[in-house]
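Student: Enclosed is the structure file work.pdb (PDB, C-alpha atoms).
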```
MODEL        1
ATOM      1  CA  MET D   1       4.550  11.304  -2.274
ATOM      2  CA  HIS D   2       1.882  14.005  -2.275
ATOM      3  CA  ARG D   3      -1.832  13.784  -1.568
ATOM      4  CA  SER D   4      -2.488  14.728  -5.195
ATOM      5  CA  ASP D   5      -0.726  11.488  -6.275
ATOM      6  CA  ILE D   6      -3.152   9.230  -4.404
ATOM      7  CA  ARG D   7      -5.387   7.028  -6.521
ATOM      8  CA  ILE D   8      -6.576   3.453  -6.274
ATOM      9  CA  GLY D   9      -4.290   1.129  -8.214
ATOM     10  CA  LEU D  10      -1.220   3.414  -7.995
ATOM     11  CA  ARG D  11       2.014   1.484  -7.525
ATOM     12  CA  VAL D  12       4.159   2.824  -4.664
ATOM     13  CA  ARG D  13       7.490   1.940  -3.019
ATOM     14  CA  SER D  14       8.433   1.979   0.682
ATOM     15  CA  LEU D  15      11.221   4.385   1.620
ATOM     16  CA  VAL D  16      11.786   2.774   5.032
ATOM     17  CA  ASP D  17      11.578  -0.698   6.560
ATOM     18  CA  PHE D  18       8.226  -1.710   8.045
ATOM     19  CA  ALA D  19       7.427  -4.904   9.946
ATOM     20  CA  GLY D  20       7.594  -7.589   7.265
ATOM     21  CA  VAL D  21       8.176  -5.024   4.507
ATOM     22  CA  PRO D  22      11.790  -4.195   3.579
ATOM     23  CA  ARG D  23      12.702  -0.745   2.276
ATOM     24  CA  GLY D  24      12.215  -0.612  -1.500
ATOM     25  CA  THR D  25       9.270  -3.015  -1.533
ATOM     26  CA  GLU D  26       6.559  -2.088  -4.004
ATOM     27  CA  GLY D  27       2.849  -2.292  -3.444
ATOM     28  CA  VAL D  28      -0.481  -0.935  -4.666
ATOM     29  CA  ILE D  29      -2.752   1.641  -3.065
ATOM     30  CA  ASP D  30      -5.870  -0.488  -2.839
ATOM     31  CA  GLU D  31      -8.098   1.579  -0.553
ATOM     32  CA  ASP D  32      -8.682   5.256   0.213
ATOM     33  CA  TYR D  33     -10.645   5.720   3.419
ATOM     34  CA  GLY D  34     -10.722   9.506   3.589
ATOM     35  CA  THR D  35      -8.058  10.412   6.134
ATOM     36  CA  GLY D  36      -5.781   7.594   5.038
ATOM     37  CA  LEU D  37      -4.985   4.957   2.474
ATOM     38  CA  THR D  38      -4.054   1.298   2.474
ATOM     39  CA  VAL D  39      -1.173  -0.275   0.564
ATOM     40  CA  ALA D  40      -1.177  -3.971  -0.348
ATOM     41  CA  TRP D  41       2.458  -5.067  -0.522
ATOM     42  CA  ASP D  42       3.856  -7.153  -3.378
ATOM     43  CA  LEU D  43       6.171  -9.419  -1.385
ATOM     44  CA  PRO D  44       8.247 -12.312  -2.788
ATOM     45  CA  ASP D  45       6.568 -14.815  -0.452
ATOM     46  CA  ARG D  46       3.123 -13.146  -0.668
ATOM     47  CA  PRO D  47       2.816 -11.657  -4.156
ATOM     48  CA  LEU D  48      -0.155  -9.644  -5.301
ATOM     49  CA  PRO D  49      -2.470 -11.413  -7.736
ATOM     50  CA  PRO D  50      -1.937 -10.417 -11.398
ATOM     51  CA  GLY D  51      -3.747  -7.153 -12.140
ATOM     52  CA  TYR D  52      -4.520  -6.465  -8.457
ATOM     53  CA  ARG D  53      -5.810  -2.902  -8.003
ATOM     54  CA  GLU D  54      -8.485  -2.559  -5.344
ATOM     55  CA  TYR D  55      -9.397  -4.116  -2.003
ATOM     56  CA  ASP D  56     -12.426  -6.375  -2.356
ATOM     57  CA  GLY D  57     -13.307  -6.640   1.331
ATOM     58  CA  ARG D  58     -12.109 -10.220   1.775
ATOM     59  CA  PRO D  59     -10.166 -10.821   5.006
ATOM     60  CA  THR D  60      -6.417 -11.415   4.985
ATOM     61  CA  ILE D  61      -6.928 -15.016   6.065
ATOM     62  CA  GLN D  62      -8.514 -15.615   2.640
ATOM     63  CA  THR D  63      -6.279 -13.455   0.449
ATOM     64  CA  GLY D  64      -2.906 -13.778   2.192
ATOM     65  CA  LEU D  65      -2.155 -10.138   1.357
ATOM     66  CA  LEU D  66      -0.149  -7.943   3.709
ATOM     67  CA  ARG D  67      -1.763  -4.504   3.880
ATOM     68  CA  ASP D  68      -0.689  -1.416   5.834
ATOM     69  CA  GLY D  69      -2.545   1.841   6.451
ATOM     70  CA  PHE D  70      -1.011   5.294   6.103
ATOM     71  CA  ASP D  71      -2.332   8.620   7.368
ATOM     72  CA  LYS D  72      -2.508  11.121   4.499
ATOM     73  CA  VAL D  73      -1.172  14.009   6.604
ATOM     74  CA  ARG D  74       1.569  12.390   8.695
ATOM     75  CA  GLU D  75       2.792   9.297   6.822
ATOM     76  CA  LEU D  76       2.946   9.822   3.046
ATOM     77  CA  HIS D  77       6.651  10.700   3.315
ATOM     78  CA  PHE D  78       7.271   6.964   3.916
ATOM     79  CA  LEU D  79       6.144   6.220   0.328
ATOM     80  CA  GLU D  80       7.078   7.244  -3.203
ATOM     81  CA  VAL D  81       5.429   6.611  -6.549
ATOM     82  CA  ALA D  82       7.060   3.539  -8.099
TER      83      ALA D  82
ENDMDL
END
```
Rewrite the structure of this file - the entire thing - as structure tokens.
Tutor:
Amino acid sequence: MHRSDIRIGLRVRSLVDFAGVPRGTEGVIDEDYGTGLTVAWDLPDRPLPPGYREYDGRPTIQTGLLRDGFDKVRELHFLEVA
């Protein structure tokens, strides 16, 4: 994935295993915080709500979403556009 691809609501796929996120899992870029971005993962046991696009600031304890941050310079190669 390239920096030019980044936009809120873009569906992405993991190219490697992460803690709790198997390779091939899809998610949504739901936050862009300048030097990085956050992906909310669409997991079988913790699916994203229908139409989910953007982080609303609610804590994980309320939403149940698993979110991971990625540095735009060093970590985008772990993701691809789904």
Student: Please evaluate the PyMOL selection byres ((chain D and resi 73) around 9) against the structure above and give the resulting residues as a list of chain:residue names.
Tutor: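 With the PyMOL selection byres ((chain D and resi 73) around 9) on this model, the match is D:Arg3, D:Thr35, D:Gly36, D:Phe70, D:Asp71, D:Lys72, D:Arg74, D:Glu75, D:Leu76.
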Student: Please return as a short mmCIF file (atom, residue, chain, number, x, y, z; two decimals) with C-alpha atoms, in the coordinates of the input every residue within 10 Å of (7.5, -11.4, 5.1), taking into account only C-alpha atoms and the file's own coordinates.
Tutor:
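Here's the written file selection-v3.cif:
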```
data_model
loop_
_atom_site.label_atom_id
_atom_site.label_comp_id
_atom_site.auth_asym_id
_atom_site.auth_seq_id
_atom_site.Cartn_x
_atom_site.Cartn_y
_atom_site.Cartn_z
CA ALA D 19 7.43 -4.90 9.95
CA GLY D 20 7.59 -7.59 7.26
CA VAL D 21 8.18 -5.02 4.51
CA PRO D 22 11.79 -4.20 3.58
CA TRP D 41 2.46 -5.07 -0.52
CA LEU D 43 6.17 -9.42 -1.38
CA PRO D 44 8.25 -12.31 -2.79
CA ASP D 45 6.57 -14.82 -0.45
CA ARG D 46 3.12 -13.15 -0.67
CA LEU D 66 -0.15 -7.94 3.71
#
```
Student: Let me know the residues the PyMOL selection byres ((chain D and resi 63) around 12) catches in the file above, as a list in words.
Tutor: Ala40, Arg46, Pro47, Leu48, Pro49, Tyr52, Tyr55, Asp56, Gly57, Arg58, Pro59, Thr60, Ile61, Gln62, Gly64, Leu65, Leu66 and Arg67 of chain D
Student: So for stretch 18-30 of chain D, what box centre and size do we get, axis-aligned, 3 Å extra on each of the six sides, every listed atom, Å to one decimal, as lines of an AutoDock Vina configuration file?
Tutor:
```
center_x = 3.4
center_y = -3.0
center_z = 2.6
size_x = 24.6
size_y = 15.2
size_z = 20.6
```
Student: Taking all atoms listed in the file into account, which of D:Val39, D:Ile29, D:Leu79, D:Met1 comes nearest D:Asp17?
Tutor: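 Comparing D:Val39, D:Ile29, D:Leu79, D:Met1 against D:Asp17, the winner is D:Leu79.
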